[in-house]
$ cat target.pdb   # PDB, C-alpha atoms
ATOM      1  CA  MET B   1      -1.569 -39.259  68.298
ATOM      2  CA  ALA B   2      -2.222 -37.050  71.276
ATOM      3  CA  PRO B   3      -5.885 -36.082  71.639
ATOM      4  CA  PRO B   4      -6.708 -32.543  70.599
ATOM      5  CA  VAL B   5      -6.525 -29.981  73.347
ATOM      6  CA  ALA B   6      -9.638 -28.128  74.490
ATOM      7  CA  VAL B   7      -8.782 -24.469  73.979
ATOM      8  CA  SER B   8     -10.103 -22.006  76.544
ATOM      9  CA  PRO B   9     -12.959 -19.794  75.265
ATOM     10  CA  LEU B  10     -11.027 -16.654  76.174
ATOM     11  CA  ILE B  11      -8.208 -17.591  73.810
ATOM     12  CA  LYS B  12     -10.666 -18.546  71.074
ATOM     13  CA  THR B  13     -12.564 -15.252  71.267
ATOM     14  CA  ALA B  14      -9.301 -13.305  71.486
ATOM     15  CA  ARG B  15      -7.907 -15.043  68.381
ATOM     16  CA  TYR B  16     -10.911 -14.520  66.189
ATOM     17  CA  SER B  17     -11.564 -10.975  67.335
ATOM     18  CA  ALA B  18      -7.914 -10.202  66.595
ATOM     19  CA  LEU B  19      -8.365 -11.718  63.134
ATOM     20  CA  ILE B  20     -11.468  -9.663  62.383
ATOM     21  CA  ALA B  21      -9.861  -6.525  63.835
ATOM     22  CA  GLY B  22      -6.845  -7.125  61.606
ATOM     23  CA  ILE B  23      -9.002  -7.518  58.492
ATOM     24  CA  ILE B  24     -10.851  -4.296  59.230
ATOM     25  CA  TYR B  25      -7.600  -2.445  59.991
ATOM     26  CA  GLY B  26      -5.946  -3.705  56.810
ATOM     27  CA  LYS B  27      -8.886  -2.771  54.630
ATOM     28  CA  ARG B  28      -9.193   0.708  56.165
ATOM     29  CA  ARG B  29      -5.498   1.478  55.908
ATOM     30  CA  TYR B  30      -5.450   0.313  52.284
ATOM     31  CA  ASP B  31      -8.402   2.545  51.420
ATOM     32  CA  ASN B  32      -6.628   5.364  53.212
ATOM     33  CA  LEU B  33      -3.305   4.919  51.434
ATOM     34  CA  LYS B  34      -4.611   4.345  47.923
ATOM     35  CA  PRO B  35      -5.633   7.950  47.028
ATOM     36  CA  ILE B  36      -2.470   9.302  48.652
ATOM     37  CA  ALA B  37      -0.324   7.089  46.469
ATOM     38  CA  ALA B  38      -2.341   7.959  43.355
ATOM     39  CA  GLU B  39      -1.857  11.668  44.078
ATOM     40  CA  GLU B  40       1.880  11.217  44.526
ATOM     41  CA  LYS B  41       2.088   9.253  41.304
ATOM     42  CA  ARG B  42       0.259  12.023  39.459
ATOM     43  CA  ILE B  43       2.584  14.709  40.815
ATOM     44  CA  GLU B  44       5.603  12.581  39.976
ATOM     45  CA  GLU B  45       4.401  12.151  36.397
ATOM     46  CA  GLU B  46       3.839  15.867  35.924
ATOM     47  CA  GLU B  47       7.280  16.673  37.266
ATOM     48  CA  LYS B  48       8.742  14.002  35.043
ATOM     49  CA  LYS B  49       7.101  15.614  32.022
ATOM     50  CA  VAL B  50       8.559  18.992  32.942
ATOM     51  CA  ARG B  51      11.975  17.464  33.472
ATOM     52  CA  ASP B  52      11.859  15.582  30.175
ATOM     53  CA  GLU B  53      10.919  18.769  28.366
ATOM     54  CA  GLN B  54      13.850  20.594  29.952
ATOM     55  CA  GLU B  55      16.209  17.787  29.010
ATOM     56  CA  ARG B  56      14.974  17.903  25.445
ATOM     57  CA  ILE B  57      15.614  21.606  25.264
ATOM     58  CA  ALA B  58      19.036  21.188  26.847
ATOM     59  CA  LYS B  59      19.922  18.598  24.224
ATOM     60  CA  LEU B  60      18.853  20.870  21.404
ATOM     61  CA  LEU B  61      20.891  23.706  22.782
ATOM     62  CA  GLU B  62      24.027  21.627  23.058
ATOM     63  CA  GLY B  63      26.931  23.326  21.456
ATOM     64  CA  TRP B  64      25.366  26.717  21.665
ATOM     65  CA  PRO B  65      26.873  29.223  21.781
ATOM     66  CA  PRO B  66      29.604  27.884  19.505
ATOM     67  CA  SER B  67      33.092  28.093  20.951
ATOM     68  CA  GLY B  68      35.467  30.746  19.811
ATOM     69  CA  VAL B  69      32.817  33.380  19.464
ATOM     70  CA  ARG B  70      33.926  36.828  20.367
ATOM     71  CA  TYR B  71      31.868  38.559  22.963
ATOM     72  CA  SER B  72      33.180  41.972  22.416
ATOM     73  CA  ILE B  73      33.422  44.000  19.332
TER      74      ILE B  73
ATOM     75  CA  MET N  74      12.101 -29.683  22.815
ATOM     76  CA  ALA N  75       8.515 -30.535  21.937
ATOM     77  CA  GLN N  76       9.098 -34.154  22.924
ATOM     78  CA  ALA N  77      10.452 -33.138  26.329
ATOM     79  CA  VAL N  78       7.381 -30.961  26.928
ATOM     80  CA  GLN N  79       5.104 -33.811  25.900
ATOM     81  CA  LYS N  80       6.846 -36.218  28.257
ATOM     82  CA  LEU N  81       6.464 -33.688  31.056
ATOM     83  CA  ILE N  82       2.756 -33.235  30.360
ATOM     84  CA  ALA N  83       2.323 -37.023  30.351
ATOM     85  CA  LYS N  84       3.850 -37.143  33.838
ATOM     86  CA  VAL N  85       1.500 -34.557  35.337
ATOM     87  CA  PRO N  86      -1.348 -36.987  36.271
ATOM     88  CA  THR N  87       1.130 -39.221  38.132
ATOM     89  CA  LEU N  88       2.544 -36.201  39.927
ATOM     90  CA  VAL N  89      -0.909 -35.016  40.904
ATOM     91  CA  GLY N  90      -1.790 -38.512  42.092
ATOM     92  CA  ALA N  91       1.395 -38.692  44.140
ATOM     93  CA  ALA N  92       0.696 -35.281  45.672
ATOM     94  CA  VAL N  93      -2.821 -36.347  46.643
ATOM     95  CA  THR N  94      -1.590 -39.595  48.181
ATOM     96  CA  TYR N  95       1.045 -37.705  50.123
ATOM     97  CA  SER N  96      -1.211 -34.995  51.434
ATOM     98  CA  LYS N  97      -4.324 -37.028  52.289
ATOM     99  CA  PRO N  98      -3.178 -38.459  55.650
ATOM    100  CA  ARG N  99      -1.552 -35.167  56.609
ATOM    101  CA  LEU N 100      -4.726 -33.279  55.791
ATOM    102  CA  ALA N 101      -6.642 -35.821  57.851
ATOM    103  CA  THR N 102      -4.377 -35.213  60.859
ATOM    104  CA  PHE N 103      -4.655 -31.477  60.400
ATOM    105  CA  TRP N 104      -8.447 -31.679  60.212
ATOM    106  CA  TYR N 105      -8.548 -33.963  63.262
ATOM    107  CA  TYR N 106      -6.838 -31.325  65.381
ATOM    108  CA  ALA N 107      -8.266 -28.230  63.702
ATOM    109  CA  ARG N 108     -11.832 -29.393  64.194
ATOM    110  CA  VAL N 109     -11.391 -29.042  67.951
ATOM    111  CA  GLU N 110      -8.657 -26.485  68.391
ATOM    112  CA  LEU N 111      -9.129 -23.933  65.632
ATOM    113  CA  VAL N 112     -12.902 -23.514  65.551
ATOM    114  CA  PRO N 113     -14.296 -20.059  66.272
ATOM    115  CA  PRO N 114     -16.027 -19.689  69.643
ATOM    116  CA  SER N 115     -19.686 -20.678  69.683
ATOM    117  CA  PRO N 116     -22.127 -17.990  70.949
ATOM    118  CA  ALA N 117     -22.406 -19.871  74.231
ATOM    119  CA  GLU N 118     -18.694 -19.532  74.866
ATOM    120  CA  ILE N 119     -18.458 -15.766  74.534
ATOM    121  CA  PRO N 120     -19.924 -14.980  78.003
ATOM    122  CA  LYS N 121     -17.453 -17.487  79.446
ATOM    123  CA  ALA N 122     -14.655 -15.629  77.704
ATOM    124  CA  ILE N 123     -15.838 -12.302  79.124
ATOM    125  CA  GLU N 124     -15.951 -13.918  82.575
ATOM    126  CA  ALA N 125     -12.401 -15.180  82.193
ATOM    127  CA  ALA N 126     -11.234 -11.743  81.052
ATOM    128  CA  LYS N 127     -12.840 -10.168  84.133
ATOM    129  CA  GLY N 128     -11.124 -12.804  86.258
ATOM    130  CA  LEU N 129      -7.813 -11.784  84.698
ATOM    131  CA  VAL N 130      -8.414  -8.115  85.532
ATOM    132  CA  LYS N 131      -9.338  -9.036  89.118
ATOM    133  CA  SER N 132      -6.250 -11.123  89.596
ATOM    134  CA  TYR N 133      -4.148  -8.248  88.268
ATOM    135  CA  GLN N 134      -5.795  -5.887  90.742
ATOM    136  CA  SER N 135      -5.368  -8.239  93.669
ATOM    137  CA  GLY N 136      -1.669  -8.449  92.950
ATOM    138  CA  ARG N 137      -1.671 -12.180  92.437
ATOM    139  CA  LEU N 138       0.304 -11.692  89.248
ATOM    140  CA  GLY N 139       3.513 -11.478  91.282
ATOM    141  CA  GLN N 140       3.056 -15.150  92.142
ATOM    142  CA  THR N 141       3.121 -16.526  88.608
ATOM    143  CA  THR N 142       6.069 -18.775  87.957
ATOM    144  CA  VAL N 143       8.503 -17.982  85.156
ATOM    145  CA  LYS N 144       7.278 -21.075  83.341
ATOM    146  CA  ASP N 145       3.677 -19.874  83.488
ATOM    147  CA  ALA N 146       4.634 -16.352  82.481
ATOM    148  CA  PHE N 147       6.615 -17.675  79.508
ATOM    149  CA  ARG N 148       3.699 -19.841  78.432
ATOM    150  CA  ASN N 149       1.244 -16.974  78.719
ATOM    151  CA  GLY N 150       3.624 -14.780  76.759
ATOM    152  CA  LEU N 151       3.731 -17.325  73.952
ATOM    153  CA  VAL N 152      -0.056 -17.561  73.860
ATOM    154  CA  ALA N 153      -0.353 -13.759  73.770
ATOM    155  CA  THR N 154       2.147 -13.598  70.901
ATOM    156  CA  GLU N 155       0.141 -16.151  68.969
ATOM    157  CA  VAL N 156      -3.057 -14.149  69.436
ATOM    158  CA  LEU N 157      -1.185 -11.041  68.246
ATOM    159  CA  MET N 158      -0.041 -12.860  65.103
ATOM    160  CA  TRP N 159      -3.663 -13.563  64.165
ATOM    161  CA  PHE N 160      -4.093  -9.774  63.980
ATOM    162  CA  TYR N 161      -1.315  -9.513  61.415
ATOM    163  CA  ILE N 162      -2.775 -12.381  59.397
ATOM    164  CA  GLY N 163      -6.066 -10.466  59.389
ATOM    165  CA  GLU N 164      -4.227  -7.367  58.197
ATOM    166  CA  CYS N 165      -2.693  -9.312  55.318
ATOM    167  CA  ILE N 166      -6.165 -10.532  54.340
ATOM    168  CA  GLY N 167      -7.595  -7.026  54.588
ATOM    169  CA  LYS N 168      -4.920  -5.348  52.506
ATOM    170  CA  GLY N 169      -5.009  -8.070  49.879
ATOM    171  CA  GLY N 170      -1.337  -8.973  49.833
ATOM    172  CA  LEU N 171       1.429 -10.531  51.853
ATOM    173  CA  ILE N 172       4.126  -7.862  51.862
ATOM    174  CA  GLY N 173       3.259  -4.188  51.805
ATOM    175  CA  TYR N 174       0.247  -2.355  50.502
ATOM    176  CA  ASP N 175      -0.378  -2.642  46.791
ATOM    177  CA  VAL N 176      -0.988   1.030  46.031
TER     178      VAL N 176
END
$ encode --input "target.pdb" --output "C-alpha coordinates"
Amino acid sequence: MAPPVAVSPLIKTARYSALIAGIIYGKRRYDNLKPIAAEEKRIEEEEKKVRDEQERIAKLLEGWPPSGVRYSI
Amino acid sequence: MAQAVQKLIAKVPTLVGAAVTYSKPRLATFWYYARVELVPPSPAEIPKAIEAAKGLVKSYQSGRLGQTTVKDAFRNGLVATEVLMWFYIGECIGKGGLIGYDV
(Lines of atoms letter the chains of each structure in order from A and count residues from 1; the text may use other names and numbers.)
(Lines give C-alpha, C1' and ligand atoms only; values in the text may rest on other atoms or scores of the structure.)
Protein backbone atom coordinates (compact mmCIF):
# COMPACT_ATOMS: atom_id res chain seq x y z
CA MET A 1 0.00 0.00 0.00
CA ALA A 2 1.27 3.46 -0.78
CA PRO A 3 2.06 5.49 2.34
CA PRO A 4 -0.50 8.14 3.20
CA VAL A 5 0.16 11.54 1.71
CA ALA A 6 0.90 14.52 3.94
CA VAL A 7 -1.78 17.05 3.05
CA SER A 8 -0.78 20.71 3.02
CA PRO A 9 -2.20 22.74 5.94
CA LEU A 10 -3.80 25.21 3.54
CA ILE A 11 -5.92 22.47 1.99
CA LYS A 12 -6.82 21.07 5.40
CA THR A 13 -7.96 24.43 6.77
CA ALA A 14 -9.81 25.19 3.53
CA ARG A 15 -11.66 21.85 3.64
CA TYR A 16 -12.80 22.09 7.21
CA SER A 17 -13.70 25.76 7.05
CA ALA A 18 -15.75 24.98 3.94
CA LEU A 19 -17.47 22.18 5.85
CA ILE A 20 -18.32 24.41 8.81
CA ALA A 21 -19.40 27.24 6.49
CA GLY A 22 -21.66 24.78 4.67
CA ILE A 23 -23.25 23.57 7.91
CA ILE A 24 -23.95 27.12 9.03
CA TYR A 25 -25.32 28.08 5.59
CA GLY A 26 -27.56 25.02 5.45
CA LYS A 27 -28.94 25.58 8.92
CA ARG A 28 -29.60 29.28 8.29
CA ARG A 29 -31.29 28.72 4.95
CA TYR A 30 -33.47 25.99 6.44
CA ASP A 31 -34.55 28.27 9.29
CA ASN A 32 -35.24 30.95 6.71
CA LEU A 33 -37.32 28.76 4.42
CA LYS A 34 -39.36 26.96 7.06
CA PRO A 35 -41.78 29.79 8.03
CA ILE A 36 -42.17 30.78 4.38
CA ALA A 37 -43.25 27.27 3.48
CA ALA A 38 -45.59 27.06 6.48
CA GLU A 39 -47.23 30.33 5.43
CA GLU A 40 -47.70 29.09 1.87
CA LYS A 41 -49.17 25.85 3.13
CA ARG A 42 -51.63 27.77 5.29
CA ILE A 43 -52.74 29.97 2.40
CA GLU A 44 -53.06 26.93 0.16
CA GLU A 45 -55.27 25.19 2.71
CA GLU A 46 -57.55 28.19 3.09
CA GLU A 47 -57.94 28.51 -0.66
CA LYS A 48 -58.59 24.80 -0.88
CA LYS A 49 -61.38 25.14 1.68
CA VAL A 50 -62.96 27.95 -0.31
CA ARG A 51 -62.67 25.96 -3.51
CA ASP A 52 -64.16 22.84 -1.93
CA GLU A 53 -67.08 24.86 -0.63
CA GLN A 54 -67.70 26.29 -4.10
CA GLU A 55 -67.53 22.83 -5.64
CA ARG A 56 -70.02 21.55 -3.10
CA ILE A 57 -72.42 24.33 -3.94
CA ALA A 58 -71.92 23.77 -7.66
CA LYS A 59 -72.77 20.10 -7.20
CA LEU A 60 -75.93 20.91 -5.31
CA LEU A 61 -77.03 23.33 -7.96
CA GLU A 62 -76.54 20.84 -10.76
CA GLY A 63 -79.57 20.62 -12.92
CA TRP A 64 -80.85 23.98 -11.87
CA PRO A 65 -82.59 25.66 -13.51
CA PRO A 66 -84.39 22.66 -14.99
CA SER A 67 -84.38 22.53 -18.77
CA GLY A 68 -87.43 23.47 -20.72
CA VAL A 69 -88.41 26.25 -18.39
CA ARG A 70 -89.95 29.21 -20.06
CA TYR A 71 -88.31 32.49 -19.36
CA SER A 72 -91.01 34.66 -20.64
CA ILE A 73 -94.62 34.77 -19.81
CA MET B 1 -44.68 -18.14 4.72
CA ALA B 2 -43.86 -18.23 8.42
CA GLN B 3 -41.24 -20.91 7.81
CA ALA B 4 -39.54 -18.81 5.13
CA VAL B 5 -39.41 -15.83 7.51
CA GLN B 6 -37.97 -18.02 10.25
CA LYS B 7 -35.29 -19.37 7.93
CA LEU B 8 -34.41 -15.81 6.95
CA ILE B 9 -34.15 -14.70 10.57
CA ALA B 10 -31.92 -17.71 11.31
CA LYS B 11 -29.57 -16.56 8.54
CA VAL B 12 -29.18 -13.01 9.86
CA PRO B 13 -26.28 -13.74 12.31
CA THR B 14 -24.29 -15.40 9.50
CA LEU B 15 -24.98 -12.44 7.23
CA VAL B 16 -23.90 -9.99 9.90
CA GLY B 17 -20.77 -12.04 10.53
CA ALA B 18 -19.98 -12.12 6.83
CA ALA B 19 -20.49 -8.36 6.56
CA VAL B 20 -18.14 -7.75 9.48
CA THR B 21 -15.48 -10.04 8.03
CA TYR B 22 -15.77 -8.30 4.69
CA SER B 23 -15.62 -4.78 5.99
CA LYS B 24 -12.93 -5.13 8.67
CA PRO B 25 -9.84 -5.02 6.42
CA ARG B 26 -11.40 -2.31 4.26
CA LEU B 27 -12.18 -0.23 7.32
CA ALA B 28 -8.61 -0.77 8.48
CA THR B 29 -7.26 0.54 5.16
CA PHE B 30 -9.62 3.48 5.27
CA TRP B 31 -8.57 4.32 8.83
CA TYR B 32 -4.89 3.94 7.91
CA TYR B 33 -5.20 6.65 5.28
CA ALA B 34 -7.83 8.81 6.98
CA ARG B 35 -5.78 9.12 10.14
CA VAL B 36 -3.18 11.10 8.22
CA GLU B 37 -5.04 12.63 5.32
CA LEU B 38 -8.48 13.54 6.63
CA VAL B 39 -7.71 14.94 10.07
CA PRO B 40 -8.68 18.54 10.76
CA PRO B 41 -5.76 20.98 10.97
CA SER B 42 -4.14 21.25 14.38
CA PRO B 43 -3.96 24.78 15.88
CA ALA B 44 -0.27 24.91 14.99
CA GLU B 45 -1.02 24.42 11.32
CA ILE B 46 -3.45 27.30 10.91
CA PRO B 47 -0.77 30.05 10.80
CA LYS B 48 1.05 27.97 8.19
CA ALA B 49 -2.14 27.85 6.16
CA ILE B 50 -2.56 31.62 6.39
CA GLU B 51 1.06 32.00 5.26
CA ALA B 52 0.46 29.74 2.28
CA ALA B 53 -2.68 31.69 1.37
CA LYS B 54 -0.70 34.95 1.48
CA GLY B 55 1.94 33.31 -0.71
CA LEU B 56 -0.79 32.43 -3.20
CA VAL B 57 -2.02 36.04 -3.30
CA LYS B 58 1.55 37.29 -3.80
CA SER B 59 2.21 34.90 -6.63
CA TYR B 60 -1.03 36.02 -8.28
CA GLN B 61 0.05 39.65 -7.96
CA SER B 62 3.52 39.00 -9.30
CA GLY B 63 2.02 37.41 -12.38
CA ARG B 64 3.71 34.08 -11.85
CA LEU B 65 0.39 32.37 -12.43
CA GLY B 66 0.94 32.60 -16.19
CA GLN B 67 3.79 30.12 -15.79
CA THR B 68 1.79 27.25 -14.33
CA THR B 69 1.70 24.23 -16.57
CA VAL B 70 -1.62 22.82 -17.75
CA LYS B 71 -0.96 19.74 -15.64
CA ASP B 72 -0.49 21.84 -12.51
CA ALA B 73 -3.51 23.98 -13.30
CA PHE B 74 -5.66 20.88 -13.81
CA ARG B 75 -4.45 19.41 -10.53
CA ASN B 76 -5.13 22.63 -8.65
CA GLY B 77 -8.56 22.79 -10.24
CA LEU B 78 -9.36 19.30 -9.00
CA VAL B 79 -8.22 20.16 -5.48
CA ALA B 80 -10.33 23.34 -5.51
CA THR B 81 -13.36 21.35 -6.67
CA GLU B 82 -12.87 18.89 -3.85
CA VAL B 83 -12.72 21.70 -1.28
CA LEU B 84 -15.91 23.14 -2.79
CA MET B 85 -17.67 19.78 -2.43
CA TRP B 86 -16.98 19.79 1.31
CA PHE B 87 -19.11 22.95 1.45
CA TYR B 88 -22.05 21.12 -0.10
CA ILE B 89 -21.60 18.20 2.29
CA GLY B 90 -21.74 20.73 5.13
CA GLU B 91 -24.92 22.17 3.65
CA CYS B 92 -26.52 18.73 3.56
CA ILE B 93 -25.61 18.25 7.23
CA GLY B 94 -26.97 21.68 8.13
CA LYS B 95 -30.29 21.27 6.37
CA GLY B 96 -30.79 17.78 7.73
CA GLY B 97 -31.37 15.95 4.47
CA LEU B 98 -29.71 14.84 1.28
CA ILE B 99 -31.96 16.27 -1.42
CA GLY B 100 -33.81 19.52 -0.93
CA TYR B 101 -34.99 21.27 2.18
CA ASP B 102 -37.55 19.42 4.25
CA VAL B 103 -40.02 22.25 4.79
$ interface_residues --input "target.pdb" --of "chain N" --to "chain B" --cutoff "8 Å" --atoms "all atoms listed in the file" --output "PyMOL selection string"
chain N and resi 105-106+109-114+118-119+121-123+125-126+156-157+159-168+174+176
$ axis_aligned_box --input "target.pdb" --around "region 143-161 of chain N" --padding-each-side "8 Å" --output "JSON"
{"center_x": 2.2, "center_y": -15.3, "center_z": 73.3, "size_x": 28.6, "size_y": 27.6, "size_z": 39.7}
$ atom_distance --input "target.pdb" --atom1 "CA of Glu62 (chain B)" --atom2 "CA of Val50 (chain B)"
18.5 Å
$ atom_distance --input "target.pdb" --atom1 "CA of Glu44 (chain B)" --atom2 "CA of Ala58 (chain B)"
20.7 Å
$ atom_distance --input "target.pdb" --atom1 "CA of Ala146 (chain N)" --atom2 "CA of Tyr133 (chain N)"
13.3 Å
